[in-house]
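Worksheet: the structure to be examined is printed underneath.
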Amino acid sequence: ALLVCGSGRADSCPQADSFAAALTSHGGQAKVAPVALTHGQIDDQLGAPGALTDTVDAFLRGLGLPG
């Protein structure tokens, strides 16, 4: 799982970290990707050229999927 969290909100990334820990404790794999964006900005920018899309594409390629 890739968990993108907006680092500007105090509880966003700690919640993502906790969820990632729960996933890995049950045999899953998780990566937390903090970004300096709001939730709405993440929604708006995902897929557009830039660092956020590059992070998601790299994660997908790491799974052997097209980015």
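Numbering starts fresh at 1 for the residues of each chain in the structure tokens, the chains themselves are lettered A, B, ... in the order given, and ligands are numbered from 1 as they appear.
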Please run DSSP on the backbone and report, as a ChimeraX atom specification, all residues within stretch 9-52 of chain A that come out as helix (DSSP H, G or I).
/A:12-25,39-45,51-52
Take the residues from that selection and write them out as a compact mmCIF listing (two decimals), in the first residue's frame, keeping all heavy atoms.
# COMPACT_ATOMS: atom_id res chain seq x y z
N SER A 12 -2.50 13.80 10.02
CA SER A 12 -2.55 13.02 8.78
C SER A 12 -1.43 11.98 8.68
O SER A 12 -1.70 10.79 8.50
CB SER A 12 -2.50 13.98 7.58
OG SER A 12 -2.52 13.26 6.38
N CYS A 13 -0.20 12.43 8.77
CA CYS A 13 0.91 11.49 8.60
C CYS A 13 1.08 10.54 9.79
O CYS A 13 1.37 9.36 9.57
CB CYS A 13 2.20 12.25 8.28
SG CYS A 13 2.15 12.99 6.62
N PRO A 14 0.87 10.98 11.04
CA PRO A 14 0.90 10.00 12.13
C PRO A 14 -0.15 8.90 11.97
O PRO A 14 0.11 7.74 12.27
CB PRO A 14 0.65 10.84 13.38
CG PRO A 14 1.19 12.20 13.03
CD PRO A 14 0.83 12.35 11.56
N GLN A 15 -1.34 9.26 11.47
CA GLN A 15 -2.35 8.25 11.21
C GLN A 15 -1.90 7.30 10.10
O GLN A 15 -2.10 6.08 10.20
CB GLN A 15 -3.68 8.89 10.84
CG GLN A 15 -4.38 9.54 12.00
CD GLN A 15 -5.67 10.25 11.60
OE1 GLN A 15 -6.02 10.32 10.44
NE2 GLN A 15 -6.35 10.79 12.59
N ALA A 16 -1.29 7.84 9.07
CA ALA A 16 -0.77 7.00 7.98
C ALA A 16 0.32 6.06 8.50
O ALA A 16 0.37 4.89 8.14
CB ALA A 16 -0.26 7.87 6.84
N ASP A 17 1.20 6.59 9.37
CA ASP A 17 2.25 5.76 9.96
C ASP A 17 1.67 4.62 10.78
O ASP A 17 2.13 3.47 10.70
CB ASP A 17 3.18 6.60 10.83
CG ASP A 17 4.06 7.55 10.04
OD1 ASP A 17 4.37 7.27 8.86
OD2 ASP A 17 4.44 8.60 10.60
N SER A 18 0.64 4.92 11.55
CA SER A 18 -0.01 3.88 12.38
C SER A 18 -0.66 2.81 11.51
O SER A 18 -0.56 1.62 11.79
CB SER A 18 -1.05 4.50 13.29
OG SER A 18 -0.45 5.32 14.25
N PHE A 19 -1.33 3.25 10.45
CA PHE A 19 -1.97 2.31 9.54
C PHE A 19 -0.92 1.45 8.84
O PHE A 19 -1.10 0.23 8.71
CB PHE A 19 -2.84 3.05 8.53
CG PHE A 19 -3.67 2.14 7.67
CD1 PHE A 19 -4.63 1.31 8.22
CD2 PHE A 19 -3.50 2.12 6.30
CE1 PHE A 19 -5.40 0.46 7.43
CE2 PHE A 19 -4.27 1.28 5.50
CZ PHE A 19 -5.21 0.46 6.06
N ALA A 20 0.18 2.06 8.42
CA ALA A 20 1.27 1.31 7.78
C ALA A 20 1.84 0.27 8.74
O ALA A 20 2.11 -0.87 8.34
CB ALA A 20 2.37 2.26 7.30
N ALA A 21 2.00 0.64 10.00
CA ALA A 21 2.51 -0.30 10.99
C ALA A 21 1.55 -1.47 11.18
O ALA A 21 1.97 -2.63 11.30
CB ALA A 21 2.76 0.41 12.32
N ALA A 22 0.26 -1.18 11.20
CA ALA A 22 -0.74 -2.25 11.34
C ALA A 22 -0.70 -3.17 10.13
O ALA A 22 -0.78 -4.41 10.28
CB ALA A 22 -2.13 -1.66 11.51
N LEU A 23 -0.57 -2.61 8.94
CA LEU A 23 -0.50 -3.44 7.75
C LEU A 23 0.73 -4.35 7.78
O LEU A 23 0.63 -5.55 7.51
CB LEU A 23 -0.44 -2.56 6.49
CG LEU A 23 -1.73 -1.91 6.04
CD1 LEU A 23 -1.45 -0.94 4.89
CD2 LEU A 23 -2.74 -2.95 5.60
N THR A 24 1.88 -3.77 8.10
CA THR A 24 3.10 -4.58 8.10
C THR A 24 3.09 -5.62 9.22
O THR A 24 3.65 -6.71 9.05
CB THR A 24 4.36 -3.70 8.19
OG1 THR A 24 4.30 -2.89 9.36
CG2 THR A 24 4.48 -2.80 6.97
N SER A 25 2.43 -5.33 10.35
CA SER A 25 2.37 -6.31 11.43
C SER A 25 1.53 -7.52 11.06
O SER A 25 1.63 -8.57 11.68
CB SER A 25 1.83 -5.67 12.72
OG SER A 25 0.44 -5.44 12.63
N HIS A 39 -5.32 17.72 1.44
CA HIS A 39 -6.01 16.59 0.81
C HIS A 39 -6.57 16.98 -0.56
O HIS A 39 -6.42 16.25 -1.54
CB HIS A 39 -7.14 16.10 1.73
CG HIS A 39 -7.79 14.85 1.25
ND1 HIS A 39 -7.55 13.63 1.83
CD2 HIS A 39 -8.66 14.62 0.24
CE1 HIS A 39 -8.25 12.71 1.20
NE2 HIS A 39 -8.94 13.29 0.23
N GLY A 40 -7.17 18.14 -0.63
CA GLY A 40 -7.73 18.61 -1.89
C GLY A 40 -6.66 18.83 -2.94
O GLY A 40 -6.86 18.52 -4.12
N GLN A 41 -5.51 19.37 -2.52
CA GLN A 41 -4.41 19.57 -3.47
C GLN A 41 -3.87 18.23 -3.97
O GLN A 41 -3.51 18.11 -5.15
CB GLN A 41 -3.30 20.38 -2.82
CG GLN A 41 -3.67 21.83 -2.58
CD GLN A 41 -2.65 22.54 -1.71
OE1 GLN A 41 -2.09 21.97 -0.76
NE2 GLN A 41 -2.41 23.81 -2.02
N ILE A 42 -3.80 17.24 -3.09
CA ILE A 42 -3.36 15.91 -3.51
C ILE A 42 -4.31 15.38 -4.57
O ILE A 42 -3.88 14.91 -5.62
CB ILE A 42 -3.29 14.94 -2.30
CG1 ILE A 42 -2.15 15.36 -1.36
CG2 ILE A 42 -3.11 13.50 -2.76
CD1 ILE A 42 -2.16 14.65 -0.01
N ASP A 43 -5.61 15.49 -4.32
CA ASP A 43 -6.61 15.04 -5.30
C ASP A 43 -6.45 15.78 -6.63
O ASP A 43 -6.53 15.17 -7.69
CB ASP A 43 -8.03 15.26 -4.77
CG ASP A 43 -8.39 14.33 -3.63
OD1 ASP A 43 -7.65 13.35 -3.40
OD2 ASP A 43 -9.40 14.59 -2.98
N ASP A 44 -6.24 17.09 -6.56
CA ASP A 44 -6.14 17.90 -7.78
C ASP A 44 -4.86 17.61 -8.57
O ASP A 44 -4.87 17.64 -9.80
CB ASP A 44 -6.18 19.39 -7.45
CG ASP A 44 -7.55 19.87 -7.01
OD1 ASP A 44 -8.55 19.16 -7.28
OD2 ASP A 44 -7.62 20.94 -6.39
N GLN A 45 -3.76 17.35 -7.87
CA GLN A 45 -2.47 17.26 -8.53
C GLN A 45 -2.06 15.85 -8.94
O GLN A 45 -1.16 15.69 -9.77
CB GLN A 45 -1.39 17.88 -7.65
CG GLN A 45 -1.57 19.36 -7.46
CD GLN A 45 -0.49 20.00 -6.63
OE1 GLN A 45 0.63 19.51 -6.55
NE2 GLN A 45 -0.81 21.11 -5.98
N ALA A 51 6.18 16.18 -8.57
CA ALA A 51 6.76 15.27 -7.57
C ALA A 51 5.76 14.25 -7.05
O ALA A 51 6.11 13.08 -6.84
CB ALA A 51 7.34 16.07 -6.41
N LEU A 52 4.52 14.65 -6.82
CA LEU A 52 3.52 13.71 -6.30
C LEU A 52 3.29 12.57 -7.28
O LEU A 52 3.36 11.40 -6.90
CB LEU A 52 2.20 14.44 -6.01
CG LEU A 52 1.02 13.56 -5.60
CD1 LEU A 52 1.33 12.78 -4.33
CD2 LEU A 52 -0.23 14.41 -5.42
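Considering only C-alpha atoms, the residue among A:Gly6, A:Ala1, A:Leu63, A:Asp57 positioned nearest to A:Leu37 is A:Gly6.
Considering the residues A:Gly8, A:Val56, A:Pro66, A:Leu2 and counting only C-alpha atoms, A:Gln29 has its shortest atom-to-atom contact with A:Leu2.
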Can you measure atom CA of A:Lys31 to atom CA of A:Leu3 for me? One decimal in Å is fine.
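It comes out at 6.1 Å.
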Which one is closest to A:Arg9: A:Gly50, A:Ala58, A:Thr38, A:Leu65? Count only C-alpha atoms.
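Of all the options, A:Thr38 lies closest to A:Arg9.
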Could you go through stretch 2-40 of chain A and tell me which residues DSSP, when run on the backbone, assigns to strand (DSSP E), listing them as a PyMOL selection string?
chain A and resi 2-6+31-35
In Å, how far is it from atom CA of A:Pro34 to atom CA of A:Asp11?
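These two atoms are separated by 11.7 Å.
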Point-to-point distance in Å for atom CA of A:Ser7 and atom CA of A:Val35
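Between these atoms lies a distance of 5.6 Å.
Across A:Ala36, A:Leu46, A:Ala30, A:Leu60, the tightest approach to A:Ala10 is made by A:Ala36 when counting only C-alpha atoms.
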